Amino acid sequence: MLVLCGLLPTGYMNASIPNPLKDASRVEPRISALLSQMTLAEKIGQMSQVNAGEGYAPDYLAEDLRAGRIGSVLNVVDVGVINELQRIAVEESRLGIPLLVGRDVIHGFNTIMPIPLGLAATWNPGLVQQGAVVAAHEAASAGINWTFAPMLDVSRDPRWGRIAESFGEDAFLTSQLASAMIQGFQGENFSSPGSIAACAKHFAGYGAAESGRDYATTDISENELRNVHLRPFNAAIKAGVATLMTSFSDLNGVPATGNEFLLRQILREEWSFDGFVVSDWDSVRQLQVHGLTENDKESAFAAATAGVDMEMAGDAYSKHLAALVEEGRLSVEQIDAAVANILRTKFRLGLFENAQTDPASLPDIASGQALDTARKAALQSVVMLKNDGGILPLSAGKLASVAIIGPMADAPYEQLGTWIFDGDEQLSVTPLQAIGSLLGSDVEVRYLRAMETSRSKADEGFDEAVEIAGDSDVTLLFLGEESILSGEAHSRADINLPGDQAELVQRIRRTGKPVIAVIMAGRPLTLTNIVNHVDGILFAWHPGTMGGPAIADLLFGIESPSGKLPATFPRMVGQIPIYYNQKNTGKPPFPGGVIHIDEIKTRAPQTSFGMTAFHLDAGYTPLFSFGYGLSYTRFEYQDIRVSAPETPLGDTFSLSATVSNVGKVAADEVVQLYLRDPVASVTRPVRELKGFRRIRLEPGQSMVVEFTLHTDELAFYGRDMRLLTEPGKFHAWIGGSSEASLGTQFRLIEAD
Ligand code: NOJ
């Protein structure tokens with residue numbers, strides 16, 4: 001039997017290949033030498049990032065570049081323009097300091113991978129890393145050397161539009177994928193060609209925006225902040241991330257961009273971060289709008305004091321830092337520290353050695369390999385939520401006709417999702433195209449868009465849709481949200497399928513023919529109103545450039561679905577926040593202990609329903625849980641073992657289970673390990689993901705999957721906000737979702 005070794009601890013991707021440009025003994029003297037020659041104005045220039053935007057000729061910026069007033073530009077993507085900007089900075093400014101050129105390369109540059117939430121559904125760090133390599137190479141060949149990704153905000157609210165950009169609700173999964181993505185962008189320690197600097201954002205707490213409304217206030221206890229929201233950022237730093245971006249949001253009364261606790265105490269003192277911190281877009285000046293400062297000058301003071309090294313797209317630093325230093329409110333040492341952080345990144349990237357880009361030295365845009373990676377990522381990201389009676393996979397040989405209906409079936413732009421500034425919709429292969437080429441002329445494909453957009457409220461196309469569906473052997477309904485309905489500032493209060501899509505489903509259902517829904521969306525949706533009206537559901541997120549072929553392969557059984565949910569799907573919006581690793585409460589609900597509002601008798605006694613933590617109209621379970629996802633085969637989990645009943649603190653131990661493919665087709669499975677610390681000095685979640693592994697099993701094949709953990713990986717922040725591992729009993733489960741039932745127990749004991 002094959003034994004897989006367990007996951008390494010978070011941060012396992014610590015860069016290991018030595019890069020002389022990162023060698024502190026060489027870099028630090030270069031920074032000091034440069035700083036000693038810089039005027040205050042030149043230093044403040046390094047702390048200022050300018051929106052160069054499309055269409056700005058280098059001339060527009062030339063004077064400021066020559067005078068050393070710009071340290072970084074963003075949003076220029078023409079390699080000729082960028083090379084010219086770099087040339088002016090290097091050859092015509094007094095000290096020749098090259099530029100950081102930033103861009104939102106979030107899930108691909110020209111070739112688009114699934115949205116980050118879709119990438120998270122792959123539970124495949126290696127693939128996420130490969131996707132970031134593709135993105136880095138394509139972006140680098142345009143002259144970009146810094147991406148504003150990955151976004152590491154733990155997101156437990158599907159109303160929040162930016163959940164699309166996140167890796168979902170779990171800090172451990174987010175940490176693992178963050179490390180992988182950072183290594184993909186930055187290469188082995190920036191040493192590979194085409195590497196670009198990454199930026200872990202938004203520090204911190206942004207994902208907890210009240211009611212999922214973007215930019216809204218966050219109020220997070222320090223314990224929750226440390227145990228959940230900060231963990232991925234800590235992992236990113238361990239993985240060597242070059243930069244961090246502050247959050248727009250207010251955290252416990254102090255907006256993140258002016259938050260010394262975050263930017264000094266946590267980031268510099270506790271985590272020893274030596275890269276630099278950039279504000280979010282104009283978020284320095286927004287400190288005034290938050291109500292923290294009186295004017296731009298005070299905002300510059302608050303942000304610089306808190307530890308924001310570079311201001312993005314605002315002018316509070318360029319206008320006011322000099323006066324603040326001259327007045328003695330900011331010291332030159334404070335300014336020097338910020339500039340050193342920025343210069344360190346420029347040295348590490350090798351920009352002082354060569355700031356020019358030669359696209360010919362990098363792989364072609366949308367190369368075969370890039371498209372293969374996008375296709376594989378899309379394939380592994382799709383989660384099969386329902387498959388009644390094994391309706392899927394469809395057997396092409398048994399079909400005479402297929403109806404393809406819906407606004408997302410042939411929407412090359414919409415399938416790319418949010419944040420695709422440089423994505424090329426011409427490269428997109430849609431499901432309609434891919435199914436057509438897969439089926440060839442043997443099966444008749446009847447296509448009707450039926451709705452202009454996913455939001456359409458007009459049902460004019462529905463009669464024809466019903467007719468086509470009624471005449472076909474099976475209907476594939478391509479539903480969801482257009483890309484503009486998620487992403488920054490695109491939150492929704494109602495997360496049902498928008499427009500009249502639910503009605504379309506119900507009308508098609510009445511034909512009595514089999515119906516499969518393929519849903520593309522930027523967030524978990526409430527599918528309660530359609531789930532019983534379809535036979536199968538593939539949830540495909542926004543799958544990117546190669547979404548079509550991936551979906552076609554899954555529908556027709558070329559490959560089995562293997563994506564698993566990175567975020568819980570609620571039954572209804574009122575359940576939010578609902579996530580798998582909740583606390584137990586003093587009155588936990590239980591199966592059978594729940595009554596539905598319709599069953600309540602009038603004048604029923606107050607105490608007659610068990611008095612536990614559930615909603616009368618929604619119960620307490622989600623529609624689909626974190627980690628859930630069906631397959632065309634069936635996996636059986638058996639024989640869970642722990643290496644020792646007791647492990648002393650400071651040691652490692654392992655947990656394993658035998659996973660068997662007892663179905664008829666080869667398939668991937670994501671094996672998940674969950675732990676619970678049932679008694680602790682602060683209450684702990686009912687389950688926490690502590691390991692996962694994507695495996696592939698042939699029919700009849702079994703594998704022992706083993707996870708090795710250090711006792712430190714069971715640590716949490718306690719009452720005094722120190723990280724500690726407490727001895728005592730733990731529960732463990734291994735299975736294919738957060739509802740895994742195969743469990744065991746073990747103990748951690750004090751070391752001798
Ligand atoms: C604002 C967004 O919040 C941030 O994530 C992005 O990187 C910047 N704008 C730059 O476009």
# chains A, B, ... in the order shown; residues from 1 in each chain; ligands from 1
>>> residues_near_ligand(ligand="ligand 1", cutoff="8 Å", atoms="only C-alpha atoms and all ligand atoms", output="list of chain:residue names")
A:Leu74, A:Asn75, A:Arg103, A:Asp104, A:Phe148, A:Ala149, A:Met151, A:Lys201, A:His202, A:Met245, A:Ser247, A:Phe248, A:Asp280, A:Trp281, A:Met312, A:Glu488
>>> residues_around(residues="Leu448 of chain A", least_positions_apart="2", cutoff="9 Å", atoms="only C-alpha atoms", output="PDB file with C-alpha atoms, in the first residue's frame")
ATOM      1  CA  ALA A 403     -30.260  21.636 -25.000  1.00  0.00           C
ATOM      2  CA  ILE A 404     -27.791  24.266 -23.837  1.00  0.00           C
ATOM      3  CA  ILE A 405     -29.656  27.155 -22.284  1.00  0.00           C
ATOM      4  CA  GLY A 406     -28.758  30.171 -20.226  1.00  0.00           C
ATOM      5  CA  PRO A 407     -26.885  33.466 -20.037  1.00  0.00           C
ATOM      6  CA  ALA A 409     -23.207  29.219 -21.677  1.00  0.00           C
ATOM      7  CA  ARG A 446     -29.600  23.259 -29.429  1.00  0.00           C
ATOM      8  CA  ALA A 450     -32.909  32.736 -23.035  1.00  0.00           C
ATOM      9  CA  MET A 451     -31.859  35.721 -20.905  1.00  0.00           C
ATOM     10  CA  GLY A 461     -37.149  33.679 -24.162  1.00  0.00           C
ATOM     11  CA  GLU A 464     -38.703  28.830 -26.574  1.00  0.00           C
ATOM     12  CA  ALA A 465     -36.349  27.522 -23.899  1.00  0.00           C
ATOM     13  CA  ILE A 468     -36.079  23.258 -26.832  1.00  0.00           C
TER      14      ILE A 468
END
>>> closest_atom_pairs(of="segment 681-747 of chain A", to="segment 260-278 of chain A", cutoff="12 Å", atoms="only C-alpha atoms", output="Markdown table")
| residue | atom | partner | partner_atom | distance |
| --- | --- | --- | --- | --- |
| A:Met721 | CA | A:Ile266 | CA | 11.5 |
| A:Arg722 | CA | A:Glu270 | CA | 10.8 |
| A:Leu723 | CA | A:Glu270 | CA | 11.4 |
>>> closest_residue(among="A:Leu21, A:Asp157, A:Thr418, A:Val289", to="Arg348 of chain A", atoms="only C-alpha atoms")
A:Leu21
>>> closest_residue(among="A:Ser660, A:Ser25, A:Thr122, A:Gln582", to="Glu224 of chain A", atoms="only C-alpha atoms")
A:Gln582
>>> residues_around(residues="segment 626-632 of chain A", least_positions_apart="4", cutoff="9 Å", atoms="only C-alpha atoms", output="ChimeraX atom specification")
/A:121,169-170,382-387,390,392-393,557,559-569,579-580,663-670,672,736-739
>>> decode(residues="segment 242-263 of chain A", atoms="N, CA and C atoms", output="CSV table (one decimal), in the first residue's frame")
chain,number,residue,atom,x,y,z
A,242,ALA,N,7.1,39.8,-0.3
A,242,ALA,CA,7.9,41.0,-0.4
A,242,ALA,C,7.2,42.2,0.3
A,243,THR,N,5.8,42.3,0.1
A,243,THR,CA,5.1,43.5,0.5
A,243,THR,C,3.8,43.1,1.1
A,244,LEU,N,3.2,44.1,1.8
A,244,LEU,CA,1.9,43.9,2.4
A,244,LEU,C,1.1,45.2,2.0
A,245,MET,N,-0.2,45.1,1.9
A,245,MET,CA,-1.1,46.2,1.6
A,245,MET,C,-2.0,46.4,2.8
A,246,THR,N,-2.2,47.6,3.2
A,246,THR,CA,-3.2,47.8,4.3
A,246,THR,C,-4.6,47.7,3.8
A,247,SER,N,-5.5,47.5,4.7
A,247,SER,CA,-6.9,47.4,4.4
A,247,SER,C,-7.6,48.8,4.4
A,248,PHE,N,-8.6,48.9,3.6
A,248,PHE,CA,-9.4,50.2,3.6
A,248,PHE,C,-10.2,50.3,5.0
A,249,SER,N,-10.4,49.2,5.6
A,249,SER,CA,-11.4,49.2,6.7
A,249,SER,C,-10.9,49.7,8.0
A,250,ASP,N,-11.9,50.0,8.9
A,250,ASP,CA,-11.7,50.4,10.2
A,250,ASP,C,-11.6,49.1,11.1
A,251,LEU,N,-10.6,49.0,11.8
A,251,LEU,CA,-10.5,47.8,12.7
A,251,LEU,C,-10.6,48.2,14.2
A,252,ASN,N,-11.7,47.8,14.8
A,252,ASN,CA,-11.9,48.1,16.2
A,252,ASN,C,-11.6,49.6,16.5
A,253,GLY,N,-12.0,50.4,15.6
A,253,GLY,CA,-11.9,51.9,15.9
A,253,GLY,C,-10.7,52.6,15.3
A,254,VAL,N,-9.8,51.8,14.8
A,254,VAL,CA,-8.6,52.4,14.2
A,254,VAL,C,-8.4,51.9,12.8
A,255,PRO,N,-8.7,52.7,11.8
A,255,PRO,CA,-8.5,52.2,10.4
A,255,PRO,C,-7.2,51.6,10.2
A,256,ALA,N,-7.1,50.5,9.4
A,256,ALA,CA,-5.9,49.7,9.3
A,256,ALA,C,-4.7,50.5,8.8
A,257,THR,N,-5.0,51.6,7.9
A,257,THR,CA,-3.9,52.4,7.4
A,257,THR,C,-3.3,53.3,8.4
A,258,GLY,N,-3.9,53.4,9.6
A,258,GLY,CA,-3.3,54.2,10.6
A,258,GLY,C,-3.2,53.4,11.9
A,259,ASN,N,-3.1,52.1,11.7
A,259,ASN,CA,-3.1,51.2,12.9
A,259,ASN,C,-1.8,50.7,13.3
A,260,GLU,N,-1.2,51.3,14.3
A,260,GLU,CA,0.1,51.0,14.8
A,260,GLU,C,0.2,49.6,15.4
A,261,PHE,N,-0.9,49.2,16.0
A,261,PHE,CA,-0.9,47.8,16.6
A,261,PHE,C,-0.6,46.8,15.5
A,262,LEU,N,-1.3,47.0,14.4
A,262,LEU,CA,-1.1,46.0,13.3
A,262,LEU,C,0.3,46.2,12.6
A,263,LEU,N,0.6,47.4,12.3
A,263,LEU,CA,1.7,47.6,11.4
A,263,LEU,C,3.1,47.7,12.2
